[in-house]
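What follows is the content of model19.cif, which has mmCIF, C-alpha atoms:
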data_query
loop_
_atom_site.label_atom_id
_atom_site.label_comp_id
_atom_site.auth_asym_id
_atom_site.auth_seq_id
_atom_site.Cartn_x
_atom_site.Cartn_y
_atom_site.Cartn_z
CA MET N 1 -11.71 37.50 17.69
CA LYS N 2 -14.97 36.17 16.38
CA ARG N 3 -14.56 34.42 13.05
CA GLU N 4 -17.08 35.10 10.32
CA SER N 5 -18.05 32.52 7.74
CA THR N 6 -18.05 32.94 4.00
CA SER N 7 -19.17 30.73 1.14
CA THR N 8 -16.43 31.85 -1.24
CA GLY N 9 -14.82 28.85 -2.97
CA VAL N 10 -16.50 26.29 -0.75
CA ALA N 11 -17.59 23.03 -2.38
CA ASP N 12 -21.23 21.97 -2.21
CA GLY N 13 -22.17 19.96 0.84
CA LEU N 14 -19.32 21.19 3.07
CA MET N 15 -20.05 22.78 6.43
CA LEU N 16 -19.34 26.42 7.16
CA VAL N 17 -19.00 27.69 10.72
CA ASN N 18 -18.79 30.94 12.62
CA GLU N 19 -17.30 29.26 15.67
CA PRO N 20 -15.38 25.99 16.15
CA ASN N 21 -17.56 23.17 17.42
CA GLY N 22 -17.01 20.10 19.55
CA LEU N 23 -17.49 17.44 16.90
CA THR N 24 -16.07 14.00 17.53
CA PRO N 25 -15.14 11.42 14.85
CA SER N 26 -18.14 10.24 12.91
CA THR N 27 -18.64 6.47 12.67
CA SER N 28 -21.11 6.76 9.80
CA THR N 29 -18.41 6.43 7.16
CA VAL N 30 -16.99 3.33 8.85
CA SER N 31 -20.32 1.50 9.07
CA ALA N 32 -21.20 2.49 5.50
CA HIS N 33 -18.10 0.78 4.15
CA CYS N 34 -19.04 -2.54 5.77
CA ALA N 35 -21.73 -2.90 3.10
CA ILE N 36 -20.85 -5.17 0.17
CA SER N 37 -21.63 -2.63 -2.54
CA HIS N 38 -21.45 -2.82 -6.33
CA ASP N 39 -17.85 -1.54 -6.31
CA SER N 40 -16.59 -4.06 -3.72
CA SER N 41 -14.08 -6.76 -4.64
CA PHE N 42 -16.87 -9.37 -4.70
CA TYR N 43 -18.74 -7.62 -7.50
CA ARG N 44 -15.58 -6.39 -9.23
CA TYR N 45 -14.69 -10.07 -9.67
CA GLY N 46 -18.14 -10.90 -10.99
CA GLY N 47 -19.78 -12.39 -7.89
CA PHE N 48 -20.38 -16.08 -7.43
CA CYS N 49 -19.84 -18.21 -10.52
CA GLU N 50 -23.00 -19.50 -12.19
CA GLY N 51 -21.63 -22.96 -11.46
CA ALA N 52 -21.50 -22.14 -7.74
CA LYS N 53 -25.14 -21.06 -7.94
CA LEU N 54 -26.04 -24.40 -9.54
CA ALA N 55 -24.18 -26.21 -6.76
CA SER N 56 -26.13 -24.21 -4.15
CA LYS N 57 -29.38 -25.34 -5.78
CA GLY N 58 -28.27 -28.97 -5.67
CA GLN N 59 -27.94 -29.15 -9.46
CA LYS N 60 -25.09 -30.65 -11.44
CA PHE N 61 -22.45 -28.00 -12.11
CA TYR N 62 -19.34 -30.00 -13.08
CA LYS N 63 -17.86 -32.37 -15.61
CA VAL N 64 -15.17 -35.00 -15.12
CA VAL N 65 -11.90 -34.14 -16.86
CA LYS N 66 -9.01 -36.55 -17.47
CA HIS N 67 -5.68 -34.79 -17.84
CA ALA N 68 -2.69 -36.06 -19.79
CA PRO N 69 -0.56 -38.52 -17.78
CA ALA N 70 2.28 -36.86 -15.88
CA LEU N 71 5.40 -38.37 -14.31
CA GLN N 72 4.72 -38.81 -10.59
CA TYR N 73 7.84 -40.77 -9.70
CA VAL N 74 10.49 -42.75 -11.53
CA GLY N 75 8.88 -45.00 -14.14
CA ALA N 76 5.29 -44.14 -13.22
CA TYR N 77 2.93 -41.93 -15.23
CA ILE N 78 -0.45 -41.22 -13.66
CA ALA N 79 -3.41 -39.49 -15.30
CA ARG N 80 -4.91 -36.79 -13.10
CA VAL N 81 -8.71 -36.67 -12.92
CA THR N 82 -10.60 -33.59 -11.78
CA ALA N 83 -14.13 -32.26 -11.48
CA ARG N 84 -14.30 -28.99 -13.43
CA CYS N 85 -17.04 -26.37 -13.19
CA LEU N 86 -19.30 -26.20 -16.25
CA LYS N 87 -19.23 -22.39 -16.17
CA CYS N 88 -15.55 -21.62 -15.50
CA SER N 89 -12.14 -23.25 -15.02
CA TYR N 90 -12.52 -23.90 -11.28
CA GLU N 91 -11.75 -27.53 -10.49
CA ALA N 92 -11.06 -29.96 -7.66
CA GLU N 93 -9.42 -33.37 -7.48
CA TRP N 94 -12.01 -35.97 -8.51
CA ALA N 95 -11.25 -38.27 -5.57
CA THR N 96 -11.87 -35.45 -3.07
CA PHE N 97 -14.91 -34.23 -4.97
CA ARG N 98 -16.48 -37.68 -5.28
CA LYS N 99 -16.02 -38.65 -1.62
CA ASN N 100 -17.07 -35.18 -0.38
CA ASN N 101 -15.97 -35.98 3.15
CA LEU N 102 -15.10 -33.43 5.80
CA CYS N 103 -11.47 -32.42 5.32
CA ASP N 104 -8.72 -33.75 7.53
CA GLY N 105 -7.40 -31.85 10.54
CA LYS N 106 -5.61 -29.13 8.54
CA TYR N 107 -7.80 -26.39 10.03
CA ASP N 108 -8.42 -27.96 13.43
CA HIS N 109 -6.45 -25.08 14.97
CA LEU N 110 -9.30 -22.84 13.79
CA GLY N 111 -11.89 -25.19 15.19
CA LEU N 112 -13.55 -26.01 11.87
CA ARG N 113 -13.69 -28.49 8.98
CA TYR N 114 -15.35 -28.29 5.58
CA LYS N 115 -16.41 -30.42 2.63
CA GLN N 116 -15.56 -29.85 -1.01
CA SER N 117 -19.27 -29.15 -1.50
CA PHE N 118 -18.85 -26.02 0.65
CA LEU N 119 -15.97 -24.71 -1.47
CA SER N 120 -17.91 -25.47 -4.66
CA LYS N 121 -20.71 -23.17 -3.45
CA CYS N 122 -18.23 -20.41 -2.55
CA HIS N 123 -16.15 -20.16 -5.73
CA LEU N 124 -16.02 -17.23 -8.12
CA LYS N 125 -15.52 -17.47 -11.86
CA VAL N 126 -11.89 -18.05 -12.83
CA LYS N 127 -10.19 -18.21 -16.21
CA SER N 128 -7.28 -20.44 -15.25
CA MET N 129 -7.27 -23.89 -13.70
CA LYS N 130 -4.43 -22.74 -11.43
CA ASP N 131 -6.50 -19.98 -9.88
CA SER N 132 -9.10 -20.32 -7.16
CA VAL N 133 -11.05 -17.38 -5.74
CA TYR N 134 -13.68 -17.70 -3.03
CA ALA N 135 -16.20 -15.48 -1.25
CA CYS N 136 -17.88 -15.85 2.13
CA VAL N 137 -21.48 -16.98 1.53
CA PHE N 138 -22.45 -15.70 4.98
CA CYS N 139 -21.20 -12.14 4.37
CA VAL N 140 -22.75 -12.06 0.89
CA ASP N 141 -26.08 -13.32 2.22
CA ASP N 142 -25.97 -10.61 4.92
CA LYS N 143 -24.84 -7.99 2.36
CA ASN N 144 -22.27 -6.77 4.90
CA THR N 145 -18.91 -7.67 6.34
CA PRO N 146 -18.62 -7.72 10.15
CA GLU N 147 -15.68 -5.27 10.09
CA VAL N 148 -14.84 -2.53 7.62
CA HIS N 149 -11.40 -4.02 6.90
CA ASP N 150 -12.73 -7.53 6.13
CA ALA N 151 -12.05 -8.94 2.67
CA THR N 152 -14.98 -9.91 0.44
CA ILE N 153 -12.97 -12.33 -1.70
CA PHE N 154 -10.21 -14.76 -0.78
CA PHE N 155 -7.38 -16.16 -2.89
CA SER N 156 -6.86 -19.30 -0.84
CA ILE N 157 -8.83 -21.78 1.25
CA ALA N 158 -6.72 -20.81 4.26
CA GLN N 159 -7.77 -17.13 3.98
CA LEU N 160 -11.45 -18.08 3.67
CA MET N 161 -11.33 -20.44 6.65
CA ARG N 162 -9.56 -17.89 8.85
CA HIS N 163 -12.21 -15.30 8.00
CA ILE N 164 -15.07 -17.66 8.83
CA ALA N 165 -13.46 -18.80 12.08
CA MET N 166 -12.93 -15.20 13.27
CA ARG N 167 -16.18 -13.67 12.07
CA HIS N 168 -18.98 -16.22 11.84
CA LYS N 169 -19.58 -18.24 14.99
CA PRO N 170 -22.37 -18.91 15.72
CA ILE N 171 -23.32 -18.69 12.09
CA HIS N 172 -26.54 -17.30 10.68
CA GLN N 173 -28.58 -19.63 8.51
CA VAL N 174 -27.98 -19.74 4.76
CA ASP N 175 -30.39 -22.05 2.98
CA SER N 176 -27.82 -23.77 0.77
CA ILE N 177 -25.27 -24.42 3.54
CA LYS N 178 -25.60 -27.13 6.18
CA VAL N 179 -23.64 -26.19 9.30
CA GLY N 180 -22.84 -28.55 12.17
CA TYR N 181 -21.57 -27.94 15.70
CA GLY N 182 -20.30 -30.20 18.47
CA THR N 183 -17.46 -32.42 19.55
CA HIS N 184 -18.29 -35.11 16.98
CA ALA N 185 -18.23 -34.15 13.32
CA SER N 186 -21.25 -35.09 11.24
CA GLN N 187 -20.83 -36.04 7.58
CA ASP N 188 -24.24 -34.49 6.87
CA CYS N 189 -22.92 -30.92 7.01
CA ASP N 190 -20.98 -28.77 4.53
CA LEU N 191 -19.21 -26.88 7.31
CA TYR N 192 -18.47 -28.10 10.81
CA PHE N 193 -17.49 -26.14 13.92
CA LYS N 194 -15.96 -27.94 16.86
CA ASN N 195 -17.34 -25.24 19.17
CA GLN N 196 -19.09 -21.89 18.96
CA GLU N 197 -16.19 -19.81 20.29
CA VAL N 198 -14.96 -17.20 17.85
CA GLN N 199 -11.23 -17.36 17.07
CA PRO N 200 -9.39 -14.32 18.48
CA ASP N 201 -8.89 -11.45 16.07
CA PRO N 202 -5.33 -10.13 16.50
CA ILE N 203 -6.41 -6.54 15.86
CA SER N 204 -9.81 -6.45 17.60
CA LYS N 205 -8.42 -4.52 20.58
CA LEU N 206 -7.26 -1.80 18.20
CA CYS N 207 -10.70 -1.16 16.71
CA PRO N 208 -11.29 2.17 18.52
CA TYR N 209 -7.93 3.43 17.26
CA ILE N 210 -8.47 2.05 13.74
CA ASN N 211 -11.93 3.60 13.53
CA SER N 212 -10.48 7.04 14.33
CA LEU N 213 -8.32 6.87 11.19
CA PRO N 214 -9.30 7.06 7.52
CA THR N 215 -10.51 4.14 5.43
CA ALA N 216 -9.73 3.65 1.76
CA GLN N 217 -10.80 1.60 -1.22
CA ALA N 218 -8.26 -0.19 -3.38
CA THR N 219 -8.19 1.20 -6.93
CA GLN N 220 -5.56 -1.37 -7.89
CA ALA N 221 -5.02 -4.95 -6.80
CA HIS N 222 -1.92 -5.65 -4.70
CA HIS N 223 -1.35 -9.39 -4.43
CA PRO N 224 0.70 -12.06 -6.29
CA LYS N 225 -2.22 -13.15 -8.52
CA SER N 226 -3.16 -9.66 -9.62
CA GLY N 227 -1.09 -9.66 -12.78
CA SER N 228 -0.06 -6.08 -11.99
CA LYS N 229 2.99 -4.68 -10.24
CA PHE N 230 3.27 -6.34 -6.85
CA HIS N 231 5.74 -5.60 -4.06
CA LEU N 232 6.47 -8.62 -1.91
CA GLN N 233 8.40 -6.54 0.61
CA SER N 234 7.95 -2.97 1.81
CA PRO N 235 10.85 -0.49 2.18
CA ASP N 236 11.27 -1.61 5.81
CA GLY N 237 11.89 -5.20 4.66
CA LYS N 238 8.62 -6.63 5.97
CA PRO N 239 5.88 -8.39 3.95
CA THR N 240 3.48 -5.96 2.32
CA LEU N 241 -0.28 -5.87 2.82
CA GLN N 242 -2.15 -7.77 0.11
CA PHE N 243 -5.63 -7.00 -1.21
CA ALA N 244 -7.87 -7.17 -4.28
CA ILE N 245 -9.21 -4.25 -6.28
CA GLY N 246 -12.26 -2.82 -4.54
CA ALA N 247 -11.07 -3.92 -1.09
CA GLN N 248 -11.71 -1.72 1.94
CA ILE N 249 -8.63 -0.91 4.00
CA ALA N 250 -8.92 0.67 7.44
CA GLY N 251 -6.64 2.55 9.83
CA ILE N 252 -4.69 4.33 7.10
CA THR N 253 -1.58 6.26 8.16
CA PHE N 254 1.24 7.83 6.15
CA PRO N 255 4.59 7.26 7.89
CA VAL N 256 6.76 10.34 7.36
CA GLU N 257 9.85 8.33 6.42
CA PHE N 258 8.21 7.10 3.21
CA ASN N 259 7.40 10.59 1.86
CA GLY N 260 3.78 9.77 1.06
CA GLN N 261 4.76 6.97 -1.34
CA TRP N 262 3.83 4.18 1.08
CA CYS N 263 1.08 4.00 3.66
CA SER N 264 0.09 1.59 6.41
CA GLY N 265 -3.29 -0.02 6.97
CA TYR N 266 -5.35 -3.00 8.10
CA HIS N 267 -7.09 -5.52 5.85
CA ASP N 268 -8.33 -9.07 6.36
CA CYS N 269 -7.05 -9.17 9.97
CA SER N 270 -3.54 -8.16 8.89
CA LYS N 271 -1.50 -4.98 9.03
CA GLY N 272 1.17 -3.88 6.60
CA LEU N 273 2.61 -1.27 4.27
CA PHE N 274 1.56 -0.88 0.63
CA PRO N 275 2.02 1.69 -2.16
CA SER N 276 -0.22 4.72 -1.61
CA GLU N 277 -0.95 4.86 -5.36
CA THR N 278 -3.05 1.69 -5.03
CA ILE N 279 -5.83 3.32 -2.96
CA GLN N 280 -8.26 6.23 -2.83
CA LEU N 281 -9.16 7.51 0.63
CA ASN N 282 -12.85 7.50 1.48
CA PRO N 283 -14.05 11.02 2.30
CA PRO N 284 -15.10 11.74 5.88
CA SER N 285 -18.68 12.38 6.89
CA LYS N 286 -19.94 15.79 5.71
CA SER N 287 -20.56 16.73 9.35
CA ASP N 288 -16.82 16.38 9.98
CA ILE N 289 -15.80 18.79 7.19
CA ILE N 290 -15.63 22.47 8.12
CA MET N 291 -14.58 25.33 5.86
CA ASN N 292 -13.58 28.66 7.39
CA SER N 293 -12.13 31.36 5.14
CA LYS N 294 -11.35 33.53 8.22
CA SER N 295 -9.03 30.98 9.85
CA SER N 296 -5.44 32.23 10.28
CA LEU N 297 -3.96 28.76 10.55
CA SER N 298 -1.69 27.79 7.66
CA ALA N 299 0.59 24.88 6.78
CA THR N 300 3.11 23.73 4.17
CA ALA N 301 2.66 20.52 2.18
CA ARG N 302 5.09 17.72 3.01
CA TRP N 303 4.36 15.88 -0.24
CA ASP N 304 2.21 16.10 -3.34
CA HIS N 305 -1.45 15.31 -2.81
CA ASN N 306 -3.03 14.18 -6.06
CA PRO N 307 -6.41 12.62 -5.21
CA LYS N 308 -7.88 10.33 -7.88
CA ASP N 309 -11.39 11.65 -7.23
CA THR N 310 -11.56 15.44 -6.84
CA SER N 311 -15.34 15.53 -7.28
CA ALA N 312 -15.80 14.44 -3.66
CA GLY N 313 -14.15 17.64 -2.41
CA TRP N 314 -10.52 16.54 -1.98
CA LEU N 315 -7.97 19.33 -2.23
CA GLY N 316 -4.98 18.76 -4.49
CA PHE N 317 -1.64 20.47 -3.92
CA SER N 318 2.09 20.17 -4.59
CA ARG N 319 5.01 19.59 -2.26
CA LYS N 320 5.97 22.76 -0.33
CA GLU N 321 2.74 24.50 -1.41
CA LYS N 322 1.22 26.80 1.19
CA ILE N 323 -2.23 25.77 2.48
CA THR N 324 -4.16 28.56 4.19
CA HIS N 325 -7.45 28.99 6.09
CA ILE N 326 -7.05 25.59 7.71
CA GLU N 327 -9.95 24.31 9.77
CA TYR N 328 -10.94 21.06 11.48
CA PRO N 329 -13.52 19.81 14.00
CA PHE N 330 -10.65 19.04 16.41
CA ALA N 331 -6.87 19.07 15.93
CA ASP N 332 -6.30 15.30 16.07
CA PHE N 333 -8.94 14.56 13.44
CA TRP N 334 -7.30 12.89 10.42
CA CYS N 335 -8.88 15.19 7.83
CA TRP N 336 -8.44 18.96 7.65
CA SER N 337 -9.76 21.56 5.22
CA GLY N 338 -8.12 24.59 3.69
CA GLN N 339 -7.33 26.60 0.58
CA ASN N 340 -4.47 25.91 -1.85
CA GLN N 341 -2.44 28.53 -3.73
CA ARG N 342 -4.85 28.35 -6.68
CA GLY N 343 -7.66 29.62 -4.44
CA LYS N 344 -9.52 26.33 -4.24
CA PHE N 345 -11.05 25.08 -0.98
CA GLY N 346 -11.19 21.41 -0.11
CA PHE N 347 -10.17 18.79 2.43
CA PHE N 348 -7.03 16.66 2.75
CA PRO N 349 -5.25 14.22 5.12
CA LYS N 350 -3.53 16.20 7.85
CA ASP N 351 -0.48 13.91 7.61
CA PHE N 352 0.32 15.60 4.29
CA VAL N 353 1.07 19.01 5.83
CA VAL N 354 3.20 20.64 8.53
CA VAL N 355 1.66 23.57 10.41
CA ASP N 356 3.57 26.81 9.91
CA GLU N 357 5.12 28.26 13.06
CA SER N 358 4.47 31.75 11.71
CA SER N 359 0.72 31.20 11.80
CA ASN N 360 0.92 30.96 15.59
CA GLU N 361 3.28 33.88 16.23
CA GLY N 362 2.21 37.24 17.52
CA GLY N 363 0.53 39.54 15.05
CA SER N 364 -1.09 36.69 13.17
CA GLY N 365 -4.54 37.89 14.14
CA MET N 366 -5.39 34.55 15.79
CA SER N 367 -7.48 34.28 18.90
CA LYS N 368 -6.11 32.48 21.97
CA GLU N 369 -8.34 29.55 21.08
CA GLU N 370 -6.87 29.37 17.55
CA GLU N 371 -3.32 29.55 18.92
CA GLU N 372 -4.02 26.66 21.27
CA ARG N 373 -5.57 24.63 18.45
CA GLY N 374 -2.51 25.28 16.28
CA ARG N 375 -0.13 24.11 19.02
CA ARG N 376 -2.14 20.91 19.58
CA SER N 377 -2.07 20.11 15.85
CA ARG N 378 1.71 19.84 15.62
#
Hey, can you dump this file as structure tokens for me?
Amino acid sequence: MKRESTSTGVADGLMLVNEPNGLTPSTSTVSAHCAISHDSSFYRYGGFCEGAKLASKGQKFYKVVKHAPALQYVGAYIARVTARCLKCSYEAEWATFRKNNLCDGKYDHLGLRYKQSFLSKCHLKVKSMKDSVYACVFCVDDKNTPEVHDATIFFSIAQLMRHIAMRHKPIHQVDSIKVGYGTHASQDCDLYFKNQEVQPDPISKLCPYINSLPTAQATQAHHPKSGSKFHLQSPDGKPTLQFAIGAQIAGITFPVEFNGQWCSGYHDCSKGLFPSETIQLNPPSKSDIIMNSKSSLSATARWDHNPKDTSAGWLGFSRKEKITHIEYPFADFWCWSGQNQRGKFGFFPKDFVVVDESSNEGGSGMSKEEEERGRRSR
């Protein structure tokens, strides 16, 4: 049976077909989300502090602050002295700041050391002295992250150093940063690498698999410093995945046992579960979206699908709602299209539906090719 196309109810920009094609997953959406755009975490948090920009220019950006004496041990009160940014509440211990020596061997396992001057040039504006947020000057200078799931801001020195060790050796030149290499550390550099070997990325071997799955952007922060609802553990008792608002998360899946409430993904070289309400899936490439009002394939919704952004073409539906006229470039592709019970066409994650057996039974009007595609999709 030759299927005929129709434009009825099809959103602008979506592909119509007469016959199924042999499309393979598009990588255009993955590469696009490596760009550090205006809605990334880096810009959501205001970019580099003006004080960090002064530090990068070699100008004075700090003031010395003496804090009230605090009890350090029995009978001894010591006044803490810090160097505080002139433009925000970021600060560092005055002794460390004044000496500005390469740090001790805390990050030798990553093959690098840094000076306080490097951190000063990487800090973002913070409102509390207890908070420190950093960004990678190399990614920002390049306007891209090496991998789609890389973070653009970091809530600890350890996170920043791990990112640099895994992503930026050898490093490209940034005018304000002096980088040294070799077996003997030089005090003339802001950042020192013991060698030029990149630290192994624990998920690098999974990249082909991750890139075949959807990516998403965080619409809510999910980490201890976010000030919003944070889940330390997921329903399976393991640590949850942490990220900032605007973060890109790759390799999204929706484990059936969590009924669409929790999903799994990769971010900042880590994998974990997190609440699905904290993200919005990025739409697939337009070339991967096919609408076919003559398709006989139907499915039933496992869970509610309430996309935050319906303008992109996402299809909303309720649990147990029938989805008809289902189409896809190939059965294993993560995103399918179809029509809900309100007559609206759109696309949706295939994990949210279960293909109806009846749509593959005799008398359904399906061609042999459609029947085979339906069997492969379950």
Counting only C-alpha atoms, which residues of region 119-167 of chain N sit at most 12 Å from some atom of region 33-47 of chain N, and what is each one's closest atom pair with its distance in Å to one decimal, listed by chain and rising residue number, as JSON lines?
{"residue": "N:Lys121", "atom": "CA", "partner": "N:Gly47", "partner_atom": "CA", "distance": 11.7}
{"residue": "N:Cys122", "atom": "CA", "partner": "N:Gly47", "partner_atom": "CA", "distance": 9.8}
{"residue": "N:His123", "atom": "CA", "partner": "N:Gly47", "partner_atom": "CA", "distance": 8.8}
{"residue": "N:Leu124", "atom": "CA", "partner": "N:Gly47", "partner_atom": "CA", "distance": 6.1}
{"residue": "N:Lys125", "atom": "CA", "partner": "N:Gly46", "partner_atom": "CA", "distance": 7.1}
{"residue": "N:Val126", "atom": "CA", "partner": "N:Tyr45", "partner_atom": "CA", "distance": 9.0}
{"residue": "N:Lys127", "atom": "CA", "partner": "N:Tyr45", "partner_atom": "CA", "distance": 11.4}
{"residue": "N:Ser132", "atom": "CA", "partner": "N:Tyr45", "partner_atom": "CA", "distance": 11.9}
{"residue": "N:Val133", "atom": "CA", "partner": "N:Tyr45", "partner_atom": "CA", "distance": 9.1}
{"residue": "N:Tyr134", "atom": "CA", "partner": "N:Phe42", "partner_atom": "CA", "distance": 9.1}
{"residue": "N:Ala135", "atom": "CA", "partner": "N:Phe42", "partner_atom": "CA", "distance": 7.0}
{"residue": "N:Cys136", "atom": "CA", "partner": "N:Phe42", "partner_atom": "CA", "distance": 9.5}
{"residue": "N:Val137", "atom": "CA", "partner": "N:Gly47", "partner_atom": "CA", "distance": 10.6}
{"residue": "N:Phe138", "atom": "CA", "partner": "N:Ile36", "partner_atom": "CA", "distance": 11.7}
{"residue": "N:Cys139", "atom": "CA", "partner": "N:Ile36", "partner_atom": "CA", "distance": 8.1}
{"residue": "N:Val140", "atom": "CA", "partner": "N:Ile36", "partner_atom": "CA", "distance": 7.2}
{"residue": "N:Asp141", "atom": "CA", "partner": "N:Ile36", "partner_atom": "CA", "distance": 9.9}
{"residue": "N:Asp142", "atom": "CA", "partner": "N:Ile36", "partner_atom": "CA", "distance": 8.9}
{"residue": "N:Lys143", "atom": "CA", "partner": "N:Ile36", "partner_atom": "CA", "distance": 5.4}
{"residue": "N:Asn144", "atom": "CA", "partner": "N:Ala35", "partner_atom": "CA", "distance": 4.3}
{"residue": "N:Thr145", "atom": "CA", "partner": "N:Cys34", "partner_atom": "CA", "distance": 5.2}
{"residue": "N:Pro146", "atom": "CA", "partner": "N:Cys34", "partner_atom": "CA", "distance": 6.8}
{"residue": "N:Glu147", "atom": "CA", "partner": "N:Cys34", "partner_atom": "CA", "distance": 6.1}
{"residue": "N:Val148", "atom": "CA", "partner": "N:Cys34", "partner_atom": "CA", "distance": 4.6}
{"residue": "N:His149", "atom": "CA", "partner": "N:Cys34", "partner_atom": "CA", "distance": 7.9}
{"residue": "N:Asp150", "atom": "CA", "partner": "N:Cys34", "partner_atom": "CA", "distance": 8.1}
{"residue": "N:Ala151", "atom": "CA", "partner": "N:Ser41", "partner_atom": "CA", "distance": 7.9}
{"residue": "N:Thr152", "atom": "CA", "partner": "N:Phe42", "partner_atom": "CA", "distance": 5.5}
{"residue": "N:Ile153", "atom": "CA", "partner": "N:Phe42", "partner_atom": "CA", "distance": 5.7}
{"residue": "N:Phe154", "atom": "CA", "partner": "N:Phe42", "partner_atom": "CA", "distance": 9.4}
{"residue": "N:Phe155", "atom": "CA", "partner": "N:Ser41", "partner_atom": "CA", "distance": 11.7}
> Got a sec to resolve the PyMOL selection byres ((chain N and resi 256) around 12) on this structure and send the residues as a ChimeraX atom specification?
Replying inline: /N:253-255,257-264,302-303,350-354
>> Report, in Å with one decimal, the straight-line distance from CA of Pro239 (chain N) to CA of Cys269 (chain N).
In response: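 We find that CA of Pro239 (chain N) and CA of Cys269 (chain N) lie 14.3 Å from each other.
Distance check against Phe230 (chain N) using all atoms listed in the file: of N:Gly111, N:Pro329, N:Pro202, N:Pro275, the minimum falls on N:Pro275.
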>> Residues within 9 Å of (-5.1, 1.3, 6.6), file coordinates, counting all atoms listed in the file: what are they? Give the list as a PyMOL selection string.
In response: chain N and resi 149+210+213-216+248-253+263-267+271-273
With C-alpha atoms retained, write the just-selected residues as a PDB file, in the coordinates of the input.
ATOM      1  CA  HIS N 149     -11.400  -4.020   6.900  1.00  0.00           C
ATOM      2  CA  ILE N 210      -8.470   2.050  13.740  1.00  0.00           C
ATOM      3  CA  LEU N 213      -8.320   6.870  11.190  1.00  0.00           C
ATOM      4  CA  PRO N 214      -9.300   7.060   7.520  1.00  0.00           C
ATOM      5  CA  THR N 215     -10.510   4.140   5.430  1.00  0.00           C
ATOM      6  CA  ALA N 216      -9.730   3.650   1.760  1.00  0.00           C
ATOM      7  CA  GLN N 248     -11.710  -1.720   1.940  1.00  0.00           C
ATOM      8  CA  ILE N 249      -8.630  -0.910   4.000  1.00  0.00           C
ATOM      9  CA  ALA N 250      -8.920   0.670   7.440  1.00  0.00           C
ATOM     10  CA  GLY N 251      -6.640   2.550   9.830  1.00  0.00           C
ATOM     11  CA  ILE N 252      -4.690   4.330   7.100  1.00  0.00           C
ATOM     12  CA  THR N 253      -1.580   6.260   8.160  1.00  0.00           C
ATOM     13  CA  CYS N 263       1.080   4.000   3.660  1.00  0.00           C
ATOM     14  CA  SER N 264       0.090   1.590   6.410  1.00  0.00           C
ATOM     15  CA  GLY N 265      -3.290  -0.020   6.970  1.00  0.00           C
ATOM     16  CA  TYR N 266      -5.350  -3.000   8.100  1.00  0.00           C
ATOM     17  CA  HIS N 267      -7.090  -5.520   5.850  1.00  0.00           C
ATOM     18  CA  LYS N 271      -1.500  -4.980   9.030  1.00  0.00           C
ATOM     19  CA  GLY N 272       1.170  -3.880   6.600  1.00  0.00           C
ATOM     20  CA  LEU N 273       2.610  -1.270   4.270  1.00  0.00           C
TER      21      LEU N 273
END
